[in-house]
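Remarks on the structure that follows.
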Amino acid sequence: MASDCEVRTLSSIGSEIKSWCKQNKVNQTELAAALDVSTMTVRRVWKGTKELTSVQIAIMLEVMPHVTADFFIPTDMGERCISMPRI
C-alpha cells in the first residue's frame, strides 16, 4: 500500500462521528432520531461495529455540515489509493 494512503476503519470513522457529536452537543438519542435508528445502533456505529447505510450517510452529511462526502469514502483500496476530484 502506498505510504500516503490513510487507512480508515469503521472504528476510526465511528470515533470521529462520536467526537463531532460531543463537540456539537448532539447526544445519542438526537442522532438516533435523525438517522431513524435506535440508540443501540448509534453506539454500535460509534464503536465501529455497525456500518452506516447510504441513506444514513446522506443524513449525516446534512447533520454534519462541515463534513464532505469523502469523509465516508474509504481510502484503503488494497494496493492503491483513490483520489476523488472536487466538483
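Ordered as shown in the C-alpha cells, chains take letters A, B, and onward, while each chain numbers its residues from 1 and ligands are numbered from 1 in the order shown.
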Distance query region 34-49 of chain A at most 7 Å, only C-alpha atoms, self and fewer than 4 positions along chain excluded, as a PDB file with N, CA and C atoms, in the first residue's frame:
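Dumped to selection39.pdb:
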ATOM      1  N   LEU A  10     -13.911   1.291  10.291  1.00  0.00           N
ATOM      2  CA  LEU A  10     -15.215   1.642  10.857  1.00  0.00           C
ATOM      3  C   LEU A  10     -15.034   2.239  12.241  1.00  0.00           C
ATOM      4  N   SER A  11     -14.091   1.706  12.977  1.00  0.00           N
ATOM      5  CA  SER A  11     -13.833   2.194  14.329  1.00  0.00           C
ATOM      6  C   SER A  11     -13.362   3.645  14.316  1.00  0.00           C
ATOM      7  N   GLY A  14     -16.302   5.857  13.236  1.00  0.00           N
ATOM      8  CA  GLY A  14     -17.244   5.945  14.354  1.00  0.00           C
ATOM      9  C   GLY A  14     -16.740   6.863  15.449  1.00  0.00           C
ATOM     10  N   SER A  15     -15.455   6.787  15.720  1.00  0.00           N
ATOM     11  CA  SER A  15     -14.847   7.645  16.732  1.00  0.00           C
ATOM     12  C   SER A  15     -14.913   9.110  16.323  1.00  0.00           C
ATOM     13  N   ILE A  17     -17.178  10.439  14.329  1.00  0.00           N
ATOM     14  CA  ILE A  17     -18.578  10.843  14.441  1.00  0.00           C
ATOM     15  C   ILE A  17     -18.923  11.131  15.900  1.00  0.00           C
ATOM     16  N   LYS A  18     -18.452  10.272  16.788  1.00  0.00           N
ATOM     17  CA  LYS A  18     -18.703  10.475  18.218  1.00  0.00           C
ATOM     18  C   LYS A  18     -18.072  11.786  18.695  1.00  0.00           C
ATOM     19  N   GLN A  28     -26.738  10.755  21.862  1.00  0.00           N
ATOM     20  CA  GLN A  28     -27.093   9.527  21.148  1.00  0.00           C
ATOM     21  C   GLN A  28     -28.556   9.528  20.716  1.00  0.00           C
ATOM     22  N   THR A  29     -29.427   9.980  21.588  1.00  0.00           N
ATOM     23  CA  THR A  29     -30.858   9.980  21.294  1.00  0.00           C
ATOM     24  C   THR A  29     -31.176  10.895  20.119  1.00  0.00           C
ATOM     25  N   GLU A  30     -30.551  12.074  20.088  1.00  0.00           N
ATOM     26  CA  GLU A  30     -30.785  13.018  18.993  1.00  0.00           C
ATOM     27  C   GLU A  30     -30.259  12.474  17.665  1.00  0.00           C
ATOM     28  N   GLN A  56     -28.276   6.741   5.581  1.00  0.00           N
ATOM     29  CA  GLN A  56     -27.764   7.312   6.832  1.00  0.00           C
ATOM     30  C   GLN A  56     -26.564   8.213   6.573  1.00  0.00           C
ATOM     31  N   ILE A  59     -27.892  11.490   5.406  1.00  0.00           N
ATOM     32  CA  ILE A  59     -28.414  12.240   6.557  1.00  0.00           C
ATOM     33  C   ILE A  59     -27.262  12.837   7.346  1.00  0.00           C
TER      34      ILE A  59
END
For CA of Ala33 (chain A) and CA of Thr9 (chain A), determine how far apart the two atoms are, in Å to one decimal place.
24.5 Å
